[in-house]
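Below is the file my_file.txt, which contains compact mmCIF, C-alpha atoms and all ligand atoms.
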```txt
# COMPACT_ATOMS: atom_id res chain seq x y z
CA MET A 122 -129.44 121.04 54.99
CA GLN A 123 -127.86 124.17 56.49
CA LYS A 124 -124.84 125.61 54.64
CA TYR A 125 -122.02 127.58 56.34
CA LYS A 126 -118.88 129.14 54.90
CA VAL A 127 -116.77 128.01 57.89
CA VAL A 128 -117.62 125.44 60.53
CA ILE A 129 -115.43 125.39 63.65
CA ILE A 130 -115.69 122.24 65.74
CA GLY A 131 -114.75 122.91 69.36
CA SER A 132 -115.21 125.99 71.49
CA GLY A 133 -111.99 126.06 73.50
CA ILE A 134 -109.69 129.05 73.23
CA ALA A 135 -108.44 127.88 69.80
CA GLY A 136 -111.91 127.58 68.26
CA MET A 137 -113.22 130.81 69.79
CA SER A 138 -110.10 132.75 68.68
CA ALA A 139 -110.61 131.49 65.11
CA ALA A 140 -114.26 132.56 65.23
CA ILE A 141 -113.40 136.09 66.46
CA TYR A 142 -110.84 136.59 63.67
CA LEU A 143 -113.16 135.21 60.98
CA LYS A 144 -116.11 137.35 61.99
CA ARG A 145 -114.00 140.50 62.23
CA GLY A 146 -112.51 139.59 58.83
CA GLY A 147 -115.97 139.55 57.23
CA ILE A 148 -116.64 135.79 57.25
CA GLU A 149 -119.58 134.28 59.11
CA PRO A 150 -118.47 131.19 61.08
CA VAL A 151 -120.49 128.75 63.15
CA ILE A 152 -119.08 127.00 66.22
CA ILE A 153 -120.22 123.47 67.07
CA GLU A 154 -119.58 122.43 70.69
CA ASN A 155 -120.61 119.28 72.54
CA ASN A 156 -120.03 120.66 76.03
CA VAL A 157 -119.61 124.15 77.46
CA PRO A 158 -117.65 127.00 75.82
CA GLY A 159 -114.08 127.29 77.07
CA GLY A 160 -113.10 123.61 76.88
CA THR A 161 -110.03 122.88 79.01
CA LEU A 162 -110.08 126.42 80.42
CA ASN A 163 -112.96 125.30 82.60
CA VAL A 164 -110.71 122.96 84.62
CA ILE A 165 -107.87 125.43 85.30
CA PRO A 166 -108.23 127.19 88.66
CA ASN A 167 -105.35 129.66 88.18
CA ILE A 168 -103.57 130.91 85.09
CA GLU A 169 -100.50 133.08 85.55
CA ASN A 170 -98.88 132.96 82.11
CA TYR A 171 -101.57 134.40 79.86
CA PRO A 172 -100.61 137.93 78.79
CA GLY A 173 -102.78 140.67 80.22
CA TYR A 174 -103.54 138.89 83.48
CA ILE A 175 -101.34 138.53 86.56
CA ASN A 176 -103.71 135.79 87.66
CA VAL A 177 -107.01 134.71 86.15
CA SER A 178 -109.20 131.67 86.74
CA GLY A 179 -109.78 129.47 83.67
CA PRO A 180 -113.59 129.72 83.87
CA ASP A 181 -113.35 133.55 84.09
CA LEU A 182 -111.11 133.70 81.03
CA ALA A 183 -113.45 131.29 79.22
CA MET A 184 -116.42 133.52 80.06
CA ASN A 185 -114.57 136.68 78.91
CA ILE A 186 -113.79 135.08 75.54
CA TYR A 187 -117.30 133.65 75.24
CA ASN A 188 -118.77 137.13 75.91
CA GLN A 189 -116.52 138.53 73.16
CA VAL A 190 -117.78 135.82 70.77
CA ASN A 191 -121.40 136.55 71.73
CA ASN A 192 -120.83 140.26 71.31
CA LEU A 193 -119.92 139.55 67.69
CA ASN A 194 -123.16 137.55 67.26
CA ILE A 195 -121.31 134.41 66.28
CA LYS A 196 -123.64 131.45 65.86
CA TYR A 197 -123.30 128.41 68.15
CA ILE A 198 -124.68 124.91 67.71
CA PHE A 199 -124.50 122.88 70.92
CA ARG A 200 -124.32 119.22 69.98
CA ASN A 201 -121.96 116.30 69.53
CA ILE A 202 -120.71 115.56 66.04
CA TRP A 203 -120.87 111.90 65.09
CA LYS A 204 -120.00 111.83 61.39
CA ILE A 205 -118.07 113.94 58.90
CA ASP A 206 -117.88 113.31 55.17
CA LEU A 207 -114.86 115.33 54.10
CA GLU A 208 -115.33 114.48 50.43
CA LYS A 209 -118.87 115.86 50.37
CA LYS A 210 -118.09 118.52 53.04
CA ILE A 211 -121.08 117.43 55.10
CA ILE A 212 -121.39 116.99 58.89
CA ASP A 213 -123.99 114.58 60.33
CA ASP A 214 -126.07 114.66 57.11
CA ASP A 215 -127.42 118.16 57.83
CA ILE A 216 -124.57 120.72 57.91
CA GLU A 217 -122.62 121.72 54.80
CA PHE A 218 -119.42 123.75 54.87
CA ASP A 219 -116.80 125.29 52.56
CA TYR A 220 -114.04 125.30 55.18
CA LEU A 221 -113.64 123.28 58.37
CA ILE A 222 -111.56 124.22 61.41
CA ILE A 223 -110.91 121.33 63.79
CA ALA A 224 -110.40 122.67 67.33
CA THR A 225 -111.40 119.66 69.40
CA GLY A 226 -108.46 119.60 71.85
CA ARG A 227 -107.21 116.49 73.60
CA ARG A 228 -107.87 114.46 76.72
CA HIS A 229 -105.09 113.70 79.20
CA ARG A 230 -104.83 110.18 80.52
CA LEU A 231 -105.49 109.88 84.24
CA LEU A 232 -104.81 107.10 86.74
CA ASN A 233 -108.57 106.74 87.38
CA LEU A 234 -108.16 106.61 91.16
CA ASP A 235 -110.63 107.85 93.79
CA ASN A 236 -110.74 111.64 94.25
CA GLU A 237 -108.77 112.28 91.05
CA ASP A 238 -111.55 114.33 89.43
CA LYS A 239 -111.91 116.43 92.59
CA LEU A 240 -108.17 117.09 92.85
CA LEU A 241 -107.55 117.84 89.16
CA GLY A 242 -106.23 121.40 89.06
CA ARG A 243 -106.09 121.43 92.86
CA GLY A 244 -103.15 119.12 93.68
CA ILE A 245 -103.17 116.96 90.57
CA SER A 246 -101.96 118.47 87.32
CA THR A 247 -101.34 117.31 83.77
CA CYS A 248 -99.17 120.31 82.88
CA ALA A 249 -95.91 121.18 84.67
CA LEU A 250 -95.31 124.25 82.51
CA CYS A 251 -98.73 125.58 83.52
CA ASP A 252 -98.84 124.67 87.21
CA GLY A 253 -95.21 124.13 88.30
CA SER A 254 -94.82 127.58 89.85
CA PHE A 255 -97.68 126.88 92.29
CA TYR A 256 -95.35 124.30 93.89
CA LYS A 257 -92.26 126.48 94.33
CA ASP A 258 -89.94 125.01 97.02
CA LYS A 259 -92.40 122.16 97.67
CA GLU A 260 -92.13 118.40 97.22
CA VAL A 261 -93.94 117.00 94.18
CA ILE A 262 -94.41 113.70 92.39
CA VAL A 263 -94.26 113.09 88.63
CA VAL A 264 -95.91 109.93 87.32
CA GLY A 265 -94.62 108.44 84.07
CA GLY A 266 -91.48 107.33 82.29
CA GLY A 267 -91.58 108.75 78.78
CA SER A 268 -90.18 111.96 77.31
CA SER A 269 -92.85 114.19 78.79
CA ALA A 270 -92.44 112.75 82.31
CA VAL A 271 -88.69 113.24 82.12
CA THR A 272 -88.92 116.75 80.63
CA GLU A 273 -91.54 117.82 83.16
CA SER A 274 -89.42 116.43 86.03
CA LEU A 275 -86.39 118.45 84.91
CA TYR A 276 -88.53 121.58 84.64
CA LEU A 277 -90.05 121.02 88.10
CA ALA A 278 -86.64 120.26 89.64
CA GLY A 279 -85.69 123.86 88.87
CA ILE A 280 -88.67 125.18 90.83
CA CYS A 281 -89.52 122.61 93.50
CA LYS A 282 -87.60 121.42 96.53
CA LYS A 283 -87.80 117.77 95.53
CA VAL A 284 -89.27 115.79 92.63
CA THR A 285 -90.05 112.08 93.00
CA ILE A 286 -90.66 110.25 89.74
CA ILE A 287 -92.91 107.23 90.09
CA HIS A 288 -92.56 104.92 87.10
CA ARG A 289 -94.30 101.59 86.59
CA ARG A 290 -91.40 100.09 84.61
CA ASP A 291 -87.69 99.56 85.36
CA LYS A 292 -86.37 102.03 82.78
CA PHE A 293 -87.35 105.27 81.08
CA THR A 294 -88.36 105.42 77.43
CA ALA A 295 -87.18 109.03 76.95
CA GLU A 296 -84.16 110.14 74.90
CA ASP A 297 -80.82 109.12 76.47
CA TYR A 298 -79.56 112.67 77.07
CA LEU A 299 -82.73 113.52 79.03
CA ILE A 300 -82.44 110.36 81.12
CA GLU A 301 -78.80 111.23 81.83
CA LYS A 302 -79.86 114.71 83.00
CA VAL A 303 -82.54 113.30 85.28
CA LEU A 304 -80.13 110.81 86.81
CA ASN A 305 -77.67 113.63 87.50
CA THR A 306 -80.16 116.06 89.04
CA LYS A 307 -79.71 116.07 92.81
CA ASN A 308 -83.29 116.88 93.82
CA ILE A 309 -84.89 114.20 91.59
CA LYS A 310 -85.54 110.80 93.16
CA ILE A 311 -86.81 107.88 91.09
CA ILE A 312 -88.98 105.00 92.26
CA TYR A 313 -89.15 102.28 89.58
CA ASN A 314 -91.56 99.36 89.16
CA THR A 315 -94.24 101.03 91.22
CA ASN A 316 -97.77 102.33 90.83
CA ILE A 317 -99.80 104.77 92.88
CA VAL A 318 -102.86 103.08 94.35
CA SER A 319 -104.40 106.01 96.25
CA TYR A 320 -104.24 109.75 96.82
CA ASN A 321 -104.32 110.69 100.52
CA ILE A 322 -106.12 113.90 101.40
CA LYS A 323 -106.24 116.14 104.47
CA ASP A 324 -108.38 119.30 104.64
CA GLU A 325 -109.26 118.76 100.96
CA LYS A 326 -105.58 118.90 99.94
CA ILE A 327 -103.37 116.09 98.78
CA VAL A 328 -100.74 115.22 101.42
CA SER A 329 -99.32 111.92 100.19
CA VAL A 330 -99.83 108.98 97.86
CA THR A 331 -99.84 105.27 98.71
CA LEU A 332 -97.87 102.96 96.43
CA ASP A 333 -98.61 99.35 95.53
CA ASN A 334 -95.83 98.26 97.90
CA LYS A 335 -97.89 99.96 100.67
CA LYS A 336 -95.29 102.73 101.21
CA LYS A 337 -96.43 106.34 101.38
CA VAL A 338 -94.73 109.27 99.63
CA LYS A 339 -95.33 112.76 101.01
CA THR A 340 -96.29 115.35 98.40
CA LYS A 341 -98.03 118.67 97.80
CA GLY A 342 -98.74 117.90 94.15
CA VAL A 343 -98.87 115.08 91.63
CA PHE A 344 -98.07 115.71 87.96
CA LEU A 345 -99.45 113.04 85.65
CA ALA A 346 -97.36 112.61 82.51
CA ILE A 347 -98.82 109.34 81.28
CA GLY A 348 -99.88 110.49 77.86
CA SER A 349 -102.78 112.20 76.19
CA THR A 350 -105.12 111.44 73.33
CA PRO A 351 -106.13 114.07 70.77
CA ASN A 352 -109.83 114.21 69.92
CA SER A 353 -109.11 113.53 66.26
CA GLU A 354 -110.89 110.21 65.63
CA LEU A 355 -113.61 111.72 63.45
CA PHE A 356 -111.30 113.41 60.99
CA ASP A 357 -109.75 111.56 58.08
CA VAL A 358 -106.71 113.81 57.63
CA LYS A 359 -102.96 113.20 57.95
CA LYS A 360 -101.91 112.46 61.55
CA GLU A 361 -98.95 111.32 63.60
CA ASN A 362 -99.74 109.40 66.79
CA ASP A 363 -103.31 110.65 66.29
CA TYR A 364 -102.21 114.32 66.40
CA ILE A 365 -103.22 116.21 63.24
CA ILE A 366 -100.36 117.40 61.05
CA THR A 367 -100.65 121.00 59.87
CA ASP A 368 -98.52 123.44 57.88
CA ASN A 369 -97.48 126.99 58.85
CA ASN A 370 -101.02 128.22 58.14
CA CYS A 371 -102.55 125.47 60.32
CA LYS A 372 -103.85 123.79 57.16
CA THR A 373 -104.08 119.98 57.06
CA ASN A 374 -103.28 117.88 53.97
CA LEU A 375 -106.74 118.89 52.69
CA ASP A 376 -106.97 122.40 51.24
CA PHE A 377 -110.22 123.32 53.01
CA VAL A 378 -109.55 121.68 56.40
CA TYR A 379 -107.59 123.45 59.15
CA ALA A 380 -106.70 122.25 62.65
CA VAL A 381 -105.72 124.36 65.67
CA GLY A 382 -104.89 124.03 69.36
CA ASP A 383 -104.16 120.89 71.35
CA VAL A 384 -105.44 118.52 68.63
CA ILE A 385 -102.43 119.23 66.37
CA LYS A 386 -98.86 117.95 66.48
CA LYS A 387 -96.64 120.73 67.86
CA ASN A 388 -94.06 121.52 70.52
CA VAL A 389 -95.93 123.82 72.91
CA TYR A 390 -99.45 123.03 74.17
CA GLN A 391 -100.51 126.29 75.80
CA LEU A 392 -103.32 128.84 75.71
CA THR A 393 -101.19 131.38 73.84
CA THR A 394 -100.27 128.91 71.09
CA ALA A 395 -103.84 127.57 70.76
CA SER A 396 -105.22 131.09 70.46
CA GLY A 397 -102.48 132.05 68.00
CA GLU A 398 -103.24 129.06 65.79
CA GLY A 399 -106.93 130.02 65.75
CA SER A 400 -105.99 133.43 64.39
CA ILE A 401 -103.56 131.95 61.84
CA ALA A 402 -106.12 129.51 60.41
CA ALA A 403 -108.81 132.20 60.26
CA SER A 404 -106.48 134.68 58.54
CA ASP A 405 -105.52 132.09 55.92
CA ILE A 406 -109.18 131.37 55.17
CA ILE A 407 -109.91 135.10 54.89
CA ARG A 408 -106.95 135.49 52.47
CA ASN A 409 -107.92 132.45 50.37
CA ASP A 410 -111.59 133.33 50.17
CA LYS A 411 -111.05 136.74 48.56
C1 LIG B 1 -104.90 121.12 84.19
C2 LIG B 1 -104.42 122.00 83.06
C3 LIG B 1 -103.87 123.23 83.36
C4 LIG B 1 -103.41 124.06 82.33
N1 LIG B 1 -102.90 125.29 82.65
C5 LIG B 1 -102.47 126.10 81.66
C6 LIG B 1 -101.92 127.39 81.98
O1 LIG B 1 -101.83 127.79 83.14
N2 LIG B 1 -101.48 128.15 80.95
C7 LIG B 1 -101.55 127.73 79.63
O2 LIG B 1 -101.16 128.49 78.75
N3 LIG B 1 -102.06 126.53 79.32
C8 LIG B 1 -102.52 125.70 80.29
N4 LIG B 1 -103.00 124.46 79.96
C9 LIG B 1 -103.05 124.06 78.54
C10 LIG B 1 -104.26 124.75 77.85
O3 LIG B 1 -105.38 124.66 78.68
C11 LIG B 1 -104.55 124.11 76.49
O4 LIG B 1 -103.39 124.16 75.70
C12 LIG B 1 -105.69 124.85 75.76
O5 LIG B 1 -106.80 125.07 76.59
C13 LIG B 1 -106.13 124.05 74.52
O6 LIG B 1 -107.20 124.72 73.92
P1 LIG B 1 -107.99 124.06 72.69
O7 LIG B 1 -109.00 125.08 72.28
O8 LIG B 1 -107.05 123.52 71.70
O9 LIG B 1 -108.72 122.77 73.31
P2 LIG B 1 -109.84 122.64 74.42
O10 LIG B 1 -109.84 123.76 75.38
O11 LIG B 1 -109.70 121.26 74.97
O12 LIG B 1 -111.22 122.75 73.59
C14 LIG B 1 -111.69 121.72 72.76
C15 LIG B 1 -113.20 121.83 72.69
O13 LIG B 1 -113.70 120.95 71.69
C16 LIG B 1 -114.89 120.34 72.15
N5 LIG B 1 -115.09 119.08 71.40
C17 LIG B 1 -114.28 117.99 71.39
N6 LIG B 1 -114.80 117.05 70.57
C18 LIG B 1 -115.96 117.56 70.05
C19 LIG B 1 -116.96 117.06 69.16
N7 LIG B 1 -116.88 115.82 68.62
N8 LIG B 1 -118.03 117.82 68.85
C20 LIG B 1 -118.13 119.06 69.39
N9 LIG B 1 -117.21 119.62 70.26
C21 LIG B 1 -116.14 118.85 70.58
C22 LIG B 1 -114.62 120.12 73.64
O14 LIG B 1 -115.81 119.97 74.38
C23 LIG B 1 -113.87 121.41 74.00
O15 LIG B 1 -114.76 122.43 74.43
C24 LIG B 1 -103.48 123.62 80.96
C25 LIG B 1 -104.03 122.36 80.68
C26 LIG B 1 -104.50 121.56 81.70
C27 LIG B 1 -105.11 120.22 81.36
```
Would you put the structure from the file into structure tokens?
Ligand SMILES: Cc1cc2nc3c(=O)[nH]c(=O)nc-3n(C[C@H](O)[C@H](O)[C@H](O)COP(=O)(O)OP(=O)(O)OC[C@H]3O[C@@H](n4cnc5c(N)ncnc54)[C@H](O)[C@@H]3O)c2cc1C
Amino acid sequence: MQKYKVVIIGSGIAGMSAAIYLKRGGIEPVIIENNVPGGTLNVIPNIENYPGYINVSGPDLAMNIYNQVNNLNIKYIFRNIWKIDLEKKIIDDDIEFDYLIIATGRRHRLLNLDNEDKLLGRGISTCALCDGSFYKDKEVIVVGGGSSAVTESLYLAGICKKVTIIHRRDKFTAEDYLIEKVLNTKNIKIIYNTNIVSYNIKDEKIVSVTLDNKKKVKTKGVFLAIGSTPNSELFDVKKENDYIITDNNCKTNLDFVYAVGDVIKKNVYQLTTASGEGSIAASDIIRNDK
């Protein structure tokens, strides 16, 4: 059995930020990651809203942060976690901890159509706030009918020439005032009771989508707002819709378990907030451990 003061699960920006703060604050953390360091950063081609960079690619930013973590000699364990006993504070029968930071992010739902993986971040996006400005004065599609689809459409309507919402049902499930706004926005068009069946590509770029009624809709970009699932299944802490509930210090309902980044319930899912939460959780642990 190996014992660590703090175990961080997940090496996205949230987990790595927590590790940097802990190590600099005199506490030795270990990061457990089941993929490559950087998490979601690795699928973002261009970032233009992270302070300090006019434009940076996600993988480059991931590598910069990873180098910073390595420079501090922070220990990594590359493996998938399959079991956590929060009562005994034991992971997979062989790792013991005093504090746990959950930084496992979330996965966005996709339509699972051909070419979707290839186009993700290059014509297909799951984040209007992140990628909207790349489609300034262009025609885009938003897929979905809930609050996030409606909110993202309103945001994009302020940037793009035209927004077409494609919704599989005959009414939206968002709050009434948002629906009202969408219905009254001149450059938003809504197509109800319809699904996209294929993405059409020319010169490696998306040019249109085909609907299940065989019609084609021209577009430069498709924003998927059909929900996301936090990677929180392993953790028996308080949640709402599977998102982990935390307090102002990013602490869960358990005194020694923190959660940061996209896995928690919050209003803004961005790099700056994820990184900030990593630093908040780490600082609270440093304070409490004195
Ligand atoms: C297409 C796209 C574009 C975006 N563009 C921007 C942008 O321009 N600006 C911006 O501010 N934000 C952007 N975002 C949002 C931003 O990327 C996220 O808010 C942020 O990366 C979340 O970081 P995180 O550390 O919480 O999670 P993640 O980066 O998802 O990291 C979670 C890590 O945990 C690991 N993990 C999960 N489960 C386990 C397990 N069981 N065991 C071990 N490891 C595990 C994963 O492999 C992953 O490395 C974008 C998001 C997307 C999807």
Closest pair table for chain A residues within 7 Å of ligand LIG 1 (chain B), all atoms listed in the file, as a Markdown table:
```
| residue | atom | partner | partner_atom | distance |
| --- | --- | --- | --- | --- |
| A:Ile130 | CA | B:LIG1 | C20 | 5.4 |
| A:Gly131 | CA | B:LIG1 | O13 | 3.2 |
| A:Ser132 | CA | B:LIG1 | O15 | 4.6 |
| A:Gly133 | CA | B:LIG1 | O7 | 3.4 |
| A:Ile134 | CA | B:LIG1 | O7 | 4.1 |
| A:Ala135 | CA | B:LIG1 | O7 | 3.8 |
| A:Gly136 | CA | B:LIG1 | O7 | 5.6 |
| A:Ile153 | CA | B:LIG1 | C20 | 5.4 |
| A:Glu154 | CA | B:LIG1 | N9 | 3.7 |
| A:Asn155 | CA | B:LIG1 | C20 | 4.0 |
| A:Asn156 | CA | B:LIG1 | O14 | 4.6 |
| A:Val157 | CA | B:LIG1 | O15 | 6.0 |
| A:Pro158 | CA | B:LIG1 | O15 | 5.6 |
| A:Gly159 | CA | B:LIG1 | O15 | 5.6 |
| A:Gly160 | CA | B:LIG1 | O15 | 3.2 |
| A:Thr161 | CA | B:LIG1 | O10 | 3.7 |
| A:Leu162 | CA | B:LIG1 | O5 | 5.2 |
| A:Val164 | CA | B:LIG1 | C1 | 6.1 |
| A:Ile165 | CA | B:LIG1 | C3 | 5.0 |
| A:Asn167 | CA | B:LIG1 | O1 | 6.4 |
| A:Ile168 | CA | B:LIG1 | O1 | 4.1 |
| A:Glu169 | CA | B:LIG1 | O1 | 6.0 |
| A:Asn170 | CA | B:LIG1 | N2 | 5.6 |
| A:Tyr171 | CA | B:LIG1 | O2 | 6.0 |
| A:Arg200 | CA | B:LIG1 | C20 | 6.2 |
| A:Asn201 | CA | B:LIG1 | N8 | 4.3 |
| A:Ile202 | CA | B:LIG1 | N8 | 4.5 |
| A:Trp203 | CA | B:LIG1 | N7 | 6.6 |
| A:Ala224 | CA | B:LIG1 | O8 | 5.6 |
| A:Thr225 | CA | B:LIG1 | O13 | 3.5 |
| A:Gly226 | CA | B:LIG1 | O9 | 3.5 |
| A:Arg227 | CA | B:LIG1 | O11 | 5.6 |
| A:His229 | CA | B:LIG1 | C27 | 6.9 |
| A:Leu241 | CA | B:LIG1 | C1 | 6.5 |
| A:Gly242 | CA | B:LIG1 | C1 | 5.1 |
| A:Ser246 | CA | B:LIG1 | C1 | 5.0 |
| A:Thr247 | CA | B:LIG1 | C1 | 5.2 |
| A:Cys248 | CA | B:LIG1 | C2 | 5.5 |
| A:Cys251 | CA | B:LIG1 | O1 | 3.8 |
| A:Asp252 | CA | B:LIG1 | O1 | 5.9 |
| A:Asn352 | CA | B:LIG1 | N6 | 5.8 |
| A:Val381 | CA | B:LIG1 | O8 | 6.2 |
| A:Gly382 | CA | B:LIG1 | O8 | 3.2 |
| A:Asp383 | CA | B:LIG1 | O8 | 3.9 |
| A:Val384 | CA | B:LIG1 | O8 | 6.1 |
| A:Tyr390 | CA | B:LIG1 | O4 | 4.4 |
| A:Gln391 | CA | B:LIG1 | O4 | 3.6 |
| A:Leu392 | CA | B:LIG1 | O2 | 3.7 |
| A:Thr393 | CA | B:LIG1 | O2 | 5.7 |
| A:Ala395 | CA | B:LIG1 | O8 | 5.3 |
```
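The interatomic distance for the pair atom CA of A:Ile300 and atom CA of A:Ser349 works out to 21.0 Å.
Between A:Pro351 and the residues A:Lys204, A:Tyr197, A:Lys283, A:Arg228, the shortest atom-to-atom distance, using all atoms listed in the file, involves A:Arg228.
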Please tabulate, as a Markdown table, the residues of stretch 143-171 of chain A that come within 8 Å of stretch 126-129 of chain A, each with its closest pair of atoms and the distance in Å to one decimal, counting all atoms listed in the file and ordering rows by chain, then residue number upward.
```
| residue | atom | partner | partner_atom | distance |
| --- | --- | --- | --- | --- |
| A:Ile148 | CA | A:Lys126 | CA | 7.4 |
| A:Glu149 | CA | A:Lys126 | CA | 6.7 |
| A:Pro150 | CA | A:Val127 | CA | 4.8 |
| A:Val151 | CA | A:Val128 | CA | 5.1 |
| A:Ile152 | CA | A:Ile129 | CA | 4.7 |
| A:Ile153 | CA | A:Ile129 | CA | 6.2 |
```
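Residue nearest A:Ala249 within the list A:Thr367, A:Asn388, A:Ser269, A:Asn236: A:Ser269 [criterion: smallest interatomic distance, all atoms listed in the file].
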Kindly complete stretch 309-326 of chain A to N, CA and C atoms; the output should be written as a PDB file, keeping the file's coordinate frame.
```pdb
ATOM      1  N   ILE A 309     -83.922 115.146  92.188  1.00  0.00           N
ATOM      2  CA  ILE A 309     -84.890 114.200  91.590  1.00  0.00           C
ATOM      3  C   ILE A 309     -84.602 112.796  92.133  1.00  0.00           C
ATOM      4  N   LYS A 310     -85.653 112.187  92.692  1.00  0.00           N
ATOM      5  CA  LYS A 310     -85.540 110.800  93.160  1.00  0.00           C
ATOM      6  C   LYS A 310     -86.446 109.935  92.278  1.00  0.00           C
ATOM      7  N   ILE A 311     -85.995 108.732  91.980  1.00  0.00           N
ATOM      8  CA  ILE A 311     -86.810 107.880  91.090  1.00  0.00           C
ATOM      9  C   ILE A 311     -87.240 106.609  91.824  1.00  0.00           C
ATOM     10  N   ILE A 312     -88.497 106.284  91.728  1.00  0.00           N
ATOM     11  CA  ILE A 312     -88.980 105.000  92.260  1.00  0.00           C
ATOM     12  C   ILE A 312     -89.490 104.193  91.062  1.00  0.00           C
ATOM     13  N   TYR A 313     -88.786 103.107  90.749  1.00  0.00           N
ATOM     14  CA  TYR A 313     -89.150 102.280  89.580  1.00  0.00           C
ATOM     15  C   TYR A 313     -90.131 101.172  89.984  1.00  0.00           C
ATOM     16  N   ASN A 314     -90.699 100.549  88.983  1.00  0.00           N
ATOM     17  CA  ASN A 314     -91.560  99.360  89.160  1.00  0.00           C
ATOM     18  C   ASN A 314     -92.656  99.546  90.200  1.00  0.00           C
ATOM     19  N   THR A 315     -93.253 100.719  90.188  1.00  0.00           N
ATOM     20  CA  THR A 315     -94.240 101.030  91.220  1.00  0.00           C
ATOM     21  C   THR A 315     -95.414 101.803  90.648  1.00  0.00           C
ATOM     22  N   ASN A 316     -96.575 101.586  91.219  1.00  0.00           N
ATOM     23  CA  ASN A 316     -97.770 102.330  90.830  1.00  0.00           C
ATOM     24  C   ASN A 316     -98.377 103.013  92.045  1.00  0.00           C
ATOM     25  N   ILE A 317     -99.037 104.130  91.804  1.00  0.00           N
ATOM     26  CA  ILE A 317     -99.800 104.770  92.880  1.00  0.00           C
ATOM     27  C   ILE A 317    -101.140 104.053  92.986  1.00  0.00           C
ATOM     28  N   VAL A 318    -101.543 103.720  94.213  1.00  0.00           N
ATOM     29  CA  VAL A 318    -102.860 103.080  94.350  1.00  0.00           C
ATOM     30  C   VAL A 318    -103.889 104.004  94.998  1.00  0.00           C
ATOM     31  N   SER A 319    -103.409 105.038  95.742  1.00  0.00           N
ATOM     32  CA  SER A 319    -104.400 106.010  96.250  1.00  0.00           C
ATOM     33  C   SER A 319    -103.778 107.369  96.525  1.00  0.00           C
ATOM     34  N   TYR A 320    -104.618 108.391  96.424  1.00  0.00           N
ATOM     35  CA  TYR A 320    -104.240 109.750  96.820  1.00  0.00           C
ATOM     36  C   TYR A 320    -104.750 109.940  98.245  1.00  0.00           C
ATOM     37  N   ASN A 321    -103.885 110.461  99.138  1.00  0.00           N
ATOM     38  CA  ASN A 321    -104.320 110.690 100.520  1.00  0.00           C
ATOM     39  C   ASN A 321    -104.534 112.184 100.751  1.00  0.00           C
ATOM     40  N   ILE A 322    -105.692 112.502 101.313  1.00  0.00           N
ATOM     41  CA  ILE A 322    -106.120 113.900 101.400  1.00  0.00           C
ATOM     42  C   ILE A 322    -106.323 114.305 102.863  1.00  0.00           C
ATOM     43  N   LYS A 323    -105.914 115.556 103.163  1.00  0.00           N
ATOM     44  CA  LYS A 323    -106.240 116.140 104.470  1.00  0.00           C
ATOM     45  C   LYS A 323    -106.717 117.559 104.225  1.00  0.00           C
ATOM     46  N   ASP A 324    -107.791 117.960 104.849  1.00  0.00           N
ATOM     47  CA  ASP A 324    -108.380 119.300 104.640  1.00  0.00           C
ATOM     48  C   ASP A 324    -108.532 119.606 103.143  1.00  0.00           C
ATOM     49  N   GLU A 325    -108.996 118.637 102.407  1.00  0.00           N
ATOM     50  CA  GLU A 325    -109.260 118.760 100.960  1.00  0.00           C
ATOM     51  C   GLU A 325    -108.023 118.948 100.109  1.00  0.00           C
ATOM     52  N   LYS A 326    -106.820 118.759 100.719  1.00  0.00           N
ATOM     53  CA  LYS A 326    -105.580 118.900  99.940  1.00  0.00           C
ATOM     54  C   LYS A 326    -104.849 117.570  99.924  1.00  0.00           C
TER      55      LYS A 326
END
```
